[in-house]
Amino acid sequence: MTTGPGRSGLIMEEPLLWEKGQPGRTAFSLPDQDVPERSKEIDANLLGEAPDFPDLSEIDVVRHYTRLSGWNFGIDTGMYPLGSCTMKYNPKINEKMAATPGIASSHPLLDDELSQGSLQILFELQSFLASLTGMDAVSLQPAAGAQGELAGMLAFAAYFRKNGEQRNKILIPDTAHGTNPSSAALCGFKPVQIQSGTDGIIDPQVVAELMDENTVGIMLTNPNTLGLFEESIREITAIVHEKGGLVYGDGANMNAVMGIVDFKRCGIDIMHLNLHKTFSTPHGGGGPGAGPICAVEKLRGFLPTPHVTRKDGAYYLEYNCPESIGRLHAFFGNFGVLVKAYSYILSMGAKNLKKASQLAVLNANYVRESLRNDLYLAYDKPCMHECVFSDKWQQEYQVSTLDMAKGLIDHGYHPPTIYFPLVVPGAIMIEPTETENKDDLDQFIAVFKDLIREAKEDGERLRQAPLRTKVRRLDETQAARKPCLTG
Amino acid sequence: MTTGPGRSGLIMEEPLLWEKGQPGRTAFSLPDQDVPERSKEIDANLLGEAPDFPDLSEIDVVRHYTRLSGWNFGIDTGMYPLGSCTMKYNPKINEKMAATPGIASSHPLLDDELSQGSLQILFELQSFLASLTGMDAVSLQPAAGAQGELAGMLAFAAYFRKNGEQRNKILIPDTAHGTNPSSAALCGFKPVQIQSGTDGIIDPQVVAELMDENTVGIMLTNPNTLGLFEESIREITAIVHEKGGLVYGDGANMNAVMGIVDFKRCGIDIMHLNLHKTFSTPHGGGGPGAGPICAVEKLRGFLPTPHVTRKDGAYYLEYNCPESIGRLHAFFGNFGVLVKAYSYILSMGAKNLKKASQLAVLNANYVRESLRNDLYLAYDKPCMHECVFSDKWQQEYQVSTLDMAKGLIDHGYHPPTIYFPLVVPGAIMIEPTETENKDDLDQFIAVFKDLIREAKEDGERLRQAPLRTKVRRLDETQAARKPCLTG
Amino acid sequence: MRYLPHTDTEIAEMLAVTGHDQLDDLFAHIPDDCRYRGEMSLAGPLSEWSLTDRFQELAAKNYSSSAKAVLIGAGSYSHHTPEIVSSLISRSEFLTAYTPYQPEMSQGTLQGIFEYQTLTARLLGMEVANASMYDGASALAEALLMALRIARKKNTVAISAAIHPHYREVVRTYLQAESFTLIELPVKEDGRTDLSSLQNIDDLAAVALQSPNFFGVIEDLEKAGQAIHSVAALFVTCFSEPFAYGLFRSPGDNGADIVCGEGQSFGMAQSFGGPGLGMFACKAKHQRTLPGRLVGETVDIEGSRGYVLTLSTREQHIRREKATSNICSNQGICALTAAAYMASLGATGLRSVARLNYDKAAYLRNGLIEAGGKLLFNSPTFNEFVLCFPDDFEVSRERLLKKGIVAGIELGRFYKEYKNAYLFCVTETTARVVLDTVIGEACK
Amino acid sequence: MRYLPHTDTEIAEMLAVTGHDQLDDLFAHIPDDCRYRGEMSLAGPLSEWSLTDRFQELAAKNYSSSAKAVLIGAGSYSHHTPEIVSSLISRSEFLTAYTPYQPEMSQGTLQGIFEYQTLTARLLGMEVANASMYDGASALAEALLMALRIARKKNTVAISAAIHPHYREVVRTYLQAESFTLIELPVKEDGRTDLSSLQNIDDLAAVALQSPNFFGVIEDLEKAGQAIHSVAALFVTCFSEPFAYGLFRSPGDNGADIVCGEGQSFGMAQSFGGPGLGMFACKAKHQRTLPGRLVGETVDIEGSRGYVLTLSTREQHIRREKATSNICSNQGICALTAAAYMASLGATGLRSVARLNYDKAAYLRNGLIEAGGKLLFNSPTFNEFVLCFPDDFEVSRERLLKKGIVAGIELGRFYKEYKNAYLFCVTETTARVVLDTVIGEACK
Ligand SMILES: Cc1ncc(COP(=O)(O)O)c(C=O)c1O
Ligand SMILES: Cc1ncc(COP(=O)(O)O)c(C=O)c1O
């Protein structure tokens with residue numbers, strides 16, 4: 001039996017914050033009161049009581065979060081082959097760079113002349129992303145992929161409004177990420193689902209049938225969420241353009257194609273990138289991310305305001321964009337995240353970024369090839385950054401994708417993405433990323449194979465998994481039925 | 001059954017560094033080669049091969065140490081009531097201060113004018129420690145308590161040499177820390193053991209009997225390693241002084257008496273402080289520490305060279321100390337540790353340091369009082385910073401101090417110091433320190449009581465403990481018999 | 001390259017398994033006319049050391065450092081952050097984890113966010129809070145969309161002109177696509193929102209106020225809430241400075257239905273405006289229409305307490321085009337940071353620091369008034385206030401700038417009618433000597 | 001105070017249990033004439049923020065920052081440290097742990113130190129290494145004491161005058177108390193140690209050399225070893241710059257019996273000279289006479305591999321006055337740092353960085369010679385070398401100082417006979433442009 005790195009060991013329990021503490025303690029160092037007290041003059045009607053926060057000492061807070069961290073699993077802990085999420089190594093130096101005092105403490109509303117360092121970073125990152133995608137114009141404002149999609153949809157709407165057109169349907173493949181239809185709907189567009197072909201990609205014929213003058217266009221993810229390249233993308237975008245439509249590209253899977261695919265040549269009009277995926281900024285247990293959008297020339301004017309331009313060697317914020325969809329963020333987006341991506345791009349350079357894509361695709365294909373006799377392969381063709389299996393063969397022994405996922409946890413692996421995309425029942429989507437080495441992949445593969453063998457012989461242990469974690473399988477139904485959102 | 005914070009959970013296994021890696025990988029960012037290559041000109045006879053280090057990528061190194069850290073237990077993880085070690089909370093801000101770029105990057109051999117910041121820190125710390133102990137002169141050079149003891153012994157030797165006296169015996173209580181006799185022996189002194197009294201402290205009569213003109217003097221720890229204050233210290237030091245001897249003070253337990261005891265008044269001639277105990281610098285899994293020594297005026301000249309003085313508002317290094325025992329450290333001792341202690345003293349101020357001692361003693365007495373009906377109390381009198389129990393009552397059920405210590409591990413506590421001092425067979429020495437709060441102490445006490453109850457009912461579980469840790473009880477005999485010190 | 005572990009030998013071995021001759025062959029199926037031509041034009045690769053040099057140079061081009069005093073808030077505040085907050089939250093188990101889809105290996109994040117939700121709800125006087133939104137501005141936009149969802153048939157929302165101008169811009173962006181009507185309520189002479197027109201607005205789903213508002217003025221939320229509820233609209237409040245609630249009554253206490261705002265003050269670097277933290281809370285009865293992620297308490301199969309992402313049927317990955325919002329990645333680590341910050345403050349610390357903000361701002365305000373400045377609005381404020389000056393203040397401002405002090409921000413860029421009025425902010429981080437310098441230079 | 005958790009209520013409750021009325025009563029048994037009179041005269045208490053300001057002021061008084069180039073080594077070297085090393089080793093599980101007396105909860109430290117011992121032994125070409133000594137200087141002193149222990153009856157040790165002057169001072173300090181004889185071996189014209197007198201020294205337990213020595217010169221260790229062994233003395237070598245062994249043959253390969261030195265170069269900040277790391281290795285046959293702590297591999301009761309502190313019967317806590325040394329606390333976290341640093345370099349990285357040190361130093365050396373400087377010693381060097389100048393170099397040095405460059409250190413303060421000779425150091429951190437500046441200014 002091959003075992004992964006997972007073991008049982010000693011960890012620490014820790015109550016909720018307000019189950020600790022005593023009134024009067026504090027972990028905050030109170031600054032000197034070097035001015036007269038004045039707050040007594042406040043109208044009693046406006047004055048509140050301090051909220052019911054627990055009072056803790058410094059060591060209480062330190063132990064609390066130190067212990068909580070022990071119940072978590074990050075990229076630094078181990079392999080995180082979460083498909084569609086590009087959980088690659090997040091370099092520590094990027095954190096340090098983003099924390100550079102003069103960068104981290106910059107106020108967003110100073111005059112441009114006083115913010116040349118920050119503006120230069122934004123300007124250069126705009127141009128890097130343009131070059132990476134092949135597109136013409138970039139807005140760094142969207143705070144995440146989904147907000148990038150929203151910005152794109154709003155730009156499409158503005159474009160048609162300007163052209164005096166009334167379009168409200170939008171084509172979205174069944175494999176699309178949930179944010180796609182949801183972002184489209186936020187703009188009042190009605191998603192029309194495109195069924196992907198039996199080979200996992202879209203048949204241009206289907207698009208041709210659905211595309212009409214009432215249709216805004218299409219949202220495409222390429223490589224798509226099955227890890228496959230939409231090989232007919234040129235035909236598809238041509239069809240859409242022919243009917244006056246526009247093409248939105250979901251570039252969340254850019255990690256497979258840096259320096260390999262030119263999205264403008266593919267016919268994309270606007271696309272977003274997930275910097276917290278491809279450009280290695282940490283995901284922070286949920287965020288923050290950054291979802292810049294890149295557009296072709298004809299849509300440049302619709303991008304969010306402001307953006308950064310350069311004149312006479314100085315950088316400044318351009319607000320004069322009459323066609324712009326407006327502002328998406330109180331300031332300039334998740335600047336600190338942008339800085340980390342900028343730092344990553346500078347560290348890698350063009351050559352290493354391309355190499356990263358090649359190795360990401362190599363790793364995915366290696367896993368695909370190594371597990372294909374053990375797990376049902378949803379689409380039998382070379383993949384890009386991720387490969388999708390399912391539990392089809394394991395169902396026979398009443399072992400599900402969920403059971404295998406939980407079984408991997410006991411072995412010290414974060415499970416792959418499961419039950420997504422929906423077109424593959426019981427999907428198991430594995431994206432190793434380029435930062436996993438062959439030895440670790442080999443161990444993962446061997447463990448997965450053994451797990452599958454175990455599933456055949458005795459599924460019960462897997463149905464019980466995980467056994468090693470602080471909590472076992474959680475009752476999600478109860479959580480949703482009687483929500484307890486605060487303590 | 002009361003349980004401590006200890007639980008079973010998922011942790012990660014990790015091989016030895018050289019069981020990983022592939023030749024050609026690196027986690028080091030190679031600087032630019034901006035000068036011509038020259039190393040080929042080196043004589044082949046002198047040239048070596050690169051040592052047999054594993055080649056790892058950055059993520060390999062990151063995961064390695066992240067996983068290893070999960071097998072460790074620090075103050076931030078939980079309670080560490082290790083007697084004689086003063087494991088108190090180590091404030092994070094002190095680390096930050098010591099890492100201040102202009103401080104952390106200062107070269108030790110620049111001219112004094114170029115190092116005024118570092119020298120000022122040393123100068124002020126010298127005067128703080130003098131004030132804290134009541135002594136007249138301070139050397140910050142010793143890198144740890146033991147090196148401080150060595151420095152003190154060397155100073156004693158130099159003093160007698162100067163006076164033309166030949167003394168070579170030294171009185172050391174049986175409760176002394178092992179470094180005391182060992183440091184004395186390094187100076188060629190022959191330790192003569194003083195038996196402590198039935199009340200745990202030294203009877204001046206015994207000292208009077210042993211002290212003579214061939215005896216250097218005495219090494220005293222006060223409060224001593226039983227957590228008791230040597231109440232006859234004035235008599236003892238008077239006896240020693242009367243015979244022309246000198247008194248060395250082991251100040252490792254200073255945490256009990258800051259602002260409360262004046263060591264010069266007690267008759268101490270030289271003493272060391274453990275900054276990594278009382279002054280809250282982290283112990284780093286072994287070090288580095290800092291063991292400054294403080295001396296009375298008549299011994300000032302014997303302290304290590306150089307030390308820092310001030311003239312006309314500027315700080316400089318004084319090397320002209322003809323009587324000095326010389327240099328103990330390549331530069332000025334563990335400067336970074338000194339900086340943390342300095343930062344801690346500034347954060348606390350005199351009032352809070354005294355309060356810290358009061359609370360440290362309160363905590364120890366509280367534990368002593370709370371467990372005295374469950375564990376045999378070696379000396380039934382109020383304690384200072386720590387209290388010493390033993391397994392006398394548990395031996396009846398074949399449960400030893402070791403078993404209880406290991407049992408505490410499963411509950412998420414670092415065990416107390418055990419089997420030390422040697423005068424208490426099966427000693428259990430608990431030093432809670434002032435940074436543990438009452439709630440946590442209560443939980444610890446309750447767990448310990450339950451453990452003792454368990455010992456009575458069924459000792460086997462304790463004899464098997466720990467059960468939750470990554471490794472169980474280790475074979476120390478084999479380790480020593482067939483040493484394997486490298487892999 | 002230190003981030004790419006593959007050796008040439010390994011690449012060859014792996015290609016042998018996948019059945020390719022070389023790396024390029026992995027992309028053989030990509031049509032020629034999709035391919036990237038030539039090399040990408042990027043900078044680098046830089047070593048860690050050159051990178052550090054580069055950032056030092058960039059940082060030097062910013063007017064911002066510990067030696068400078070920027071007396072501007074306007075949505076981004078300088079507050080002290082305890083060293084423990086940064087060092088704890090940057091632990092890699094938190095920082096390098098994904099969204100907690102697998103609760104068994106994410107209890108740290110999940111309990112941490114549950115605590116964040118709870119402390120947020122307590123701060124704002126509300127019953128429930130979500131796991132975070134992108135920032136205060138988009139949170140306000142989503143709050144209005146949520147109000148429109150709750151109000152169903154109604155199509156109009158009104159927002160105060162005293163709300164942060166950028167927040168209002170974002171609201172306009174979010175609401176532009178659908179045929180909603182957005183009305184702006186004017187500002188009265190006292191700097192508070194004029195609600196007198198409410199009765200005349202049809203179809204009103206919600207009214208949004210900010211307090212302290214953009215001018216630093218504390219709105220009379222209690223009266224406002226009554227007026228808004230009296231026209232059967234939802235009462236939405238927002239904020240950009242949560243420290244205010246250490247001193248002033250919470251929005252919930254004043255009857256707000258949805259409360260949202262920016263949490264940057266609680267431990268996040270100003271970092272040129274992001275990442276911040278969209279805080280979002282509401283009454284429990286509306287919880288199923290909340291946007292964003294939610295963490296809920298539950299039990300595992302052995303009955304142990306645990307936490308999970310919950311009510312996900314509201315969300316895009318389940319509900320797709322019918323989701324309550326399109327949020328997927330949120331501001332997770334920022335929420336955790338804010339929780340650690342609130343925990344470090346405690347009730348006692350929050351109160352003290354909030355007081356000190358008030359006191360210091362009052363000191364500057366009074367000093368500048370004595371020196372000849374005039375309050376634009378005569379209402380209570382917290383740590384921001386607006387002043388006008390008899391002479392050209394720009395000259396004084398330039399002088400102060402050279403001394404390393406940015407003395408307020410001119411309001412004309414946001415409101416034409418308030419040209420030559422200056423919005424100042426003073427927090428606990430500004431020493432009195434800086435304030436005295438400003439007072440001394442103000443009307444020279 | 002944020003580090004002291006006790007509330008007044010708790011103090012009262014606890015005093016009730018201990019049977020005291022007030023805190024002072026806990027000290028009732030302390031005789032009056034031992035008591036501290038008055039208040040201690042310290043500074044503070046300072047808040048976290050005032051503390052930070054204080055340190056900024058202090059740092060500004062040092063001539064040292066990323067903008068400065070200090071071309072001095074002499075026992076303290078400026079090397080690049082990967083960000084991962086600092087961030088990993090500062091994890092609190094490592095940093096805030098005690099000496100690993102309880103192996104079951106210290107396997108992280110223990111395996112880490114075992115790895116350190118192994119990499120150290122491999123670097124130095126030795127069989128075993130200990131868990132660390134205070135620094136290079138005390139390590140050398142302890143090495144000589146160890147040699148004296150091994151040699152039993154012999155009472156004399158000889159050390160090269162080319163060993164770091166401070167190290168020699170520390171040796172003198174450590175050896176002063178016992179009646180050992182310490183002889184200094186002179187330096188030859190080529191900067192290497194003159195071993196010709198060895199035959200004439202009686203009672204010789206050991207001879208110690210440093211390589212690269214204080215002048216940066218690589219000693220001919222192979223020949224030296226033969227000469228030393230031929231008089232039946234132990235061959236001790238030390239070092240202050242371990243990077244040299246990335247390029248030059250290891251001491252072990254040259255027959256050394258005990259090797260020790262300073263490991264600061266491997267990831268520790270220069271930090272005004274400490275904390276550093278005393279590295280210490282020897283042949284396996286001497287392992288039971290080693291000073292300091294040792295980690296050894298063993299198994300647990302279930303047969304799993306694990307690590308413990310071992311051979312502790314050598315140590316003070318067991319053997320007391322008969323211990324092989326008085327070391328208790330050592331430089332634990334520094335050893336762990338060095339291990340992580342060596343792991344980050346790998347064999348490949350160590351070789352490359354060592355080469356670059358050589359190349360850069362050679363560039364400056366050659367440039368300065370061309371500009372008129374003269375080599376004091378004509379022997380191979382690594383990253384340090386000694387030059388003399390025709391004119392007063394102090395003038396150039398002053399000019400360079402104003403440009404932020406410290407150009408070498410004058411040797412007269414260490415050796416009267418080498419007045420006006422300058423010891424330079426160049427590592428991988430110095431950019432060519434800095435070197436060119438020095439060359440340009442050197443002989444103006
Ligand atoms: C394919 C795809 N599109 C869009 C998104 C949404 O991005 P974000 O989470 O940054 O909003 C994701 C994120 O998981 C994704 O995988
Ligand atoms: C009482 C006592 N004396 C001396 C020492 C030795 O100090 P160090 O470990 O710093 O050498 C210790 C350390 O444990 C101690 O507890």
# chains A, B, ... in the order shown; residues from 1 in each chain; ligands from 1

call {"tool": "select_by_dssp", "arguments": {"residues": "range 155-248 of chain A", "states": "alpha helix (DSSP H)", "output": "VMD selection string"}}
result
chain A and resid 155 to 162 179 to 186 204 to 210 233 to 242

call {"tool": "residues_around", "arguments": {"residues": "range 166-175 of chain A", "least_positions_apart": "2", "cutoff": "8 Å", "atoms": "only C-alpha atoms", "output": "PyMOL selection string"}}
result
chain A and resi 160-161+164+177+180-181+184+188-196+202+207+210-211+213-220+224-226+421-423

call {"tool": "write_last_selection", "arguments": {"atoms": "C-alpha atoms", "output": "mmCIF file, in the first residue's frame"}}
result
data_model
loop_
_atom_site.group_PDB
_atom_site.id
_atom_site.type_symbol
_atom_site.label_atom_id
_atom_site.label_comp_id
_atom_site.auth_asym_id
_atom_site.auth_seq_id
_atom_site.Cartn_x
_atom_site.Cartn_y
_atom_site.Cartn_z
ATOM 1 C CA PHE A 160 -24.384 47.646 -28.452
ATOM 2 C CA ARG A 161 -26.062 50.598 -26.739
ATOM 3 C CA GLY A 164 -28.139 51.387 -31.046
ATOM 4 C CA HIS A 177 -17.875 28.162 -14.852
ATOM 5 C CA ASN A 180 -20.174 33.153 -16.574
ATOM 6 C CA PRO A 181 -23.966 32.881 -16.677
ATOM 7 C CA ALA A 184 -24.121 37.789 -17.861
ATOM 8 C CA GLY A 188 -29.673 41.565 -17.925
ATOM 9 C CA PHE A 189 -28.456 39.116 -20.548
ATOM 10 C CA LYS A 190 -30.244 35.819 -20.933
ATOM 11 C CA PRO A 191 -27.824 32.910 -21.094
ATOM 12 C CA VAL A 192 -28.465 30.366 -23.805
ATOM 13 C CA GLN A 193 -26.696 27.116 -23.140
ATOM 14 C CA ILE A 194 -24.481 25.547 -25.773
ATOM 15 C CA GLN A 195 -24.113 21.845 -25.448
ATOM 16 C CA SER A 196 -20.501 20.822 -25.821
ATOM 17 C CA ILE A 202 -17.856 23.136 -28.992
ATOM 18 C CA VAL A 207 -22.966 28.023 -32.471
ATOM 19 C CA LEU A 210 -27.891 29.606 -32.102
ATOM 20 C CA MET A 211 -26.172 32.826 -33.062
ATOM 21 C CA GLU A 213 -28.887 39.350 -34.350
ATOM 22 C CA ASN A 214 -30.553 39.297 -30.925
ATOM 23 C CA THR A 215 -27.577 37.625 -29.425
ATOM 24 C CA VAL A 216 -24.826 39.605 -27.748
ATOM 25 C CA GLY A 217 -22.324 36.935 -28.596
ATOM 26 C CA ILE A 218 -20.635 34.149 -26.745
ATOM 27 C CA MET A 219 -18.656 33.527 -23.576
ATOM 28 C CA LEU A 220 -15.906 31.026 -24.174
ATOM 29 C CA ASN A 224 -12.119 25.065 -21.346
ATOM 30 C CA THR A 225 -13.018 23.675 -17.949
ATOM 31 C CA LEU A 226 -12.542 20.143 -19.214
ATOM 32 C CA PRO A 421 -17.953 20.523 -14.768
ATOM 33 C CA LEU A 422 -21.510 19.294 -14.646
ATOM 34 C CA VAL A 423 -21.360 17.643 -18.061
#

call {"tool": "residues_around", "arguments": {"residues": "Glu454 in chain A", "least_positions_apart": "2", "cutoff": "12 Å", "atoms": "only C-alpha atoms", "output": "ChimeraX atom specification"}}
result
/A:1-2,374,394,397,399,403-404,407,447-452,456-463

call {"tool": "interface_residues", "arguments": {"of": "chain A", "to": "chain B", "cutoff": "6 Å", "atoms": "only C-alpha atoms", "output": "short mmCIF file (atom, residue, chain, number, x, y, z; two decimals) with all heavy atoms, in the first residue's frame"}}
result
data_model
loop_
_atom_site.label_atom_id
_atom_site.label_comp_id
_atom_site.auth_asym_id
_atom_site.auth_seq_id
_atom_site.Cartn_x
_atom_site.Cartn_y
_atom_site.Cartn_z
N PRO A 5 1.77 11.62 2.02
CA PRO A 5 2.39 12.22 3.20
C PRO A 5 1.47 12.29 4.42
O PRO A 5 1.97 12.51 5.52
CB PRO A 5 2.77 13.63 2.71
CG PRO A 5 1.94 13.88 1.50
CD PRO A 5 1.65 12.55 0.89
N GLY A 6 0.20 12.07 4.27
CA GLY A 6 -0.72 12.23 5.40
C GLY A 6 -0.46 11.25 6.54
O GLY A 6 -0.23 10.06 6.33
N ARG A 7 -0.44 11.76 7.76
CA ARG A 7 -0.24 10.96 8.97
C ARG A 7 -1.17 11.51 10.04
O ARG A 7 -1.66 12.62 9.94
CB ARG A 7 1.18 11.13 9.52
CG ARG A 7 2.29 10.57 8.71
CD ARG A 7 2.37 9.06 8.81
NE ARG A 7 3.40 8.57 7.91
CZ ARG A 7 3.22 8.40 6.60
NH1 ARG A 7 2.06 8.65 6.04
NH2 ARG A 7 4.20 7.96 5.85
N SER A 8 -1.31 10.75 11.12
CA SER A 8 -1.99 11.27 12.30
C SER A 8 -0.95 11.88 13.22
O SER A 8 0.14 11.33 13.38
CB SER A 8 -2.72 10.16 13.04
OG SER A 8 -3.89 9.83 12.34
N GLY A 9 -1.30 12.98 13.81
CA GLY A 9 -0.37 13.61 14.74
C GLY A 9 -1.12 14.50 15.71
O GLY A 9 -2.35 14.60 15.67
N LEU A 10 -0.35 15.12 16.55
CA LEU A 10 -0.92 15.97 17.59
C LEU A 10 -1.26 17.34 17.03
O LEU A 10 -0.43 17.99 16.42
CB LEU A 10 0.11 16.13 18.72
CG LEU A 10 -0.28 16.98 19.91
CD1 LEU A 10 -1.37 16.30 20.74
CD2 LEU A 10 0.94 17.27 20.78
N ILE A 11 -2.49 17.77 17.21
CA ILE A 11 -2.86 19.14 16.86
C ILE A 11 -3.57 19.75 18.07
O ILE A 11 -3.86 19.06 19.05
CB ILE A 11 -3.77 19.22 15.62
CG1 ILE A 11 -5.10 18.48 15.88
CG2 ILE A 11 -3.08 18.63 14.40
CD1 ILE A 11 -6.21 18.92 14.98
N MET A 12 -3.86 21.01 18.00
CA MET A 12 -4.45 21.70 19.15
C MET A 12 -5.89 22.12 18.88
O MET A 12 -6.20 22.69 17.83
CB MET A 12 -3.67 22.99 19.46
CG MET A 12 -2.24 22.75 19.88
SD MET A 12 -2.09 21.91 21.46
CE MET A 12 -0.93 20.65 20.95
N GLU A 13 -6.73 21.88 19.85
CA GLU A 13 -8.11 22.38 19.80
C GLU A 13 -8.09 23.86 20.17
O GLU A 13 -7.15 24.34 20.81
CB GLU A 13 -8.95 21.58 20.82
CG GLU A 13 -10.41 21.97 20.90
CD GLU A 13 -11.13 21.85 19.57
OE1 GLU A 13 -11.04 22.78 18.77
OE2 GLU A 13 -11.79 20.82 19.35
N ARG A 63 -1.98 32.44 19.99
CA ARG A 63 -2.29 30.99 20.02
C ARG A 63 -3.54 30.66 19.23
O ARG A 63 -3.62 29.61 18.58
CB ARG A 63 -2.46 30.54 21.47
CG ARG A 63 -1.15 30.52 22.20
CD ARG A 63 -1.17 29.58 23.38
NE ARG A 63 0.13 29.64 24.03
CZ ARG A 63 0.31 29.67 25.35
NH1 ARG A 63 -0.74 29.61 26.15
NH2 ARG A 63 1.51 29.72 25.86
N ASP A 76 1.76 25.33 0.60
CA ASP A 76 3.01 25.05 1.28
C ASP A 76 2.95 23.74 2.07
O ASP A 76 3.98 23.19 2.45
CB ASP A 76 3.37 26.17 2.25
CG ASP A 76 3.83 27.43 1.53
OD1 ASP A 76 3.72 27.47 0.28
OD2 ASP A 76 4.30 28.35 2.20
N THR A 77 1.73 23.29 2.36
CA THR A 77 1.56 22.04 3.10
C THR A 77 1.71 20.85 2.18
O THR A 77 2.29 19.83 2.57
CB THR A 77 0.17 21.99 3.77
OG1 THR A 77 -0.19 23.29 4.24
CG2 THR A 77 0.15 21.00 4.90
N ARG A 468 -8.54 11.02 9.57
CA ARG A 468 -7.42 11.65 10.29
C ARG A 468 -7.65 13.11 10.64
O ARG A 468 -6.91 13.66 11.44
CB ARG A 468 -6.15 11.55 9.45
CG ARG A 468 -5.57 10.17 9.36
CD ARG A 468 -4.21 10.21 8.68
NE ARG A 468 -3.50 8.98 8.92
CZ ARG A 468 -2.95 8.21 7.98
NH1 ARG A 468 -3.03 8.57 6.71
NH2 ARG A 468 -2.30 7.12 8.30
N THR A 469 -8.61 13.72 10.01
CA THR A 469 -8.77 15.17 10.17
C THR A 469 -9.46 15.50 11.49
O THR A 469 -10.10 14.65 12.10
CB THR A 469 -9.61 15.73 9.01
OG1 THR A 469 -10.73 14.88 8.84
CG2 THR A 469 -8.79 15.77 7.74
N LYS A 470 -9.31 16.75 11.88
CA LYS A 470 -9.89 17.23 13.14
C LYS A 470 -11.40 17.00 13.17
O LYS A 470 -11.94 16.58 14.18
CB LYS A 470 -9.60 18.72 13.28
CG LYS A 470 -10.20 19.34 14.51
CD LYS A 470 -9.78 20.78 14.65
CE LYS A 470 -10.40 21.38 15.87
NZ LYS A 470 -11.82 21.72 15.71
#

call {"tool": "residues_around", "arguments": {"residues": "range 72-78 of chain D", "least_positions_apart": "3", "cutoff": "6 Å", "atoms": "only C-alpha atoms", "output": "list of chain:residue names"}}
result
D:Ser240, D:Ser265, D:Gly408, D:Phe424, D:Cys425

call {"tool": "residues_near_ligand", "arguments": {"ligand": "ligand 2", "cutoff": "10 Å", "atoms": "only C-alpha atoms and all ligand atoms", "output": "PyMOL selection string"}}
result
(chain B and resi 82-86+142-150+175-180+183+220-226+249-254+272-277+283+286-292+421) or (chain D and resi 98-99+316-317+326-330)

call {"tool": "decode", "arguments": {"residues": "range 199-213 of chain B", "atoms": "C-alpha atoms", "output": "CSV table (one decimal), in the first residue's frame"}}
result
chain,number,residue,atom,x,y,z
B,199,ASP,CA,13.9,23.2,53.5
B,200,GLY,CA,15.5,23.3,50.0
B,201,ILE,CA,17.7,26.2,50.7
B,202,ILE,CA,21.3,26.5,51.9
B,203,ASP,CA,22.2,26.6,55.6
B,204,PRO,CA,24.8,29.3,56.1
B,205,GLN,CA,26.4,27.0,58.7
B,206,VAL,CA,27.2,24.5,56.0
B,207,VAL,CA,28.9,27.2,54.0
B,208,ALA,CA,30.8,28.4,57.0
B,209,GLU,CA,32.2,24.9,57.4
B,210,LEU,CA,33.3,24.5,53.9
B,211,MET,CA,34.6,28.0,53.1
B,212,ASP,CA,38.3,28.5,53.5
B,213,GLU,CA,41.2,30.5,52.1
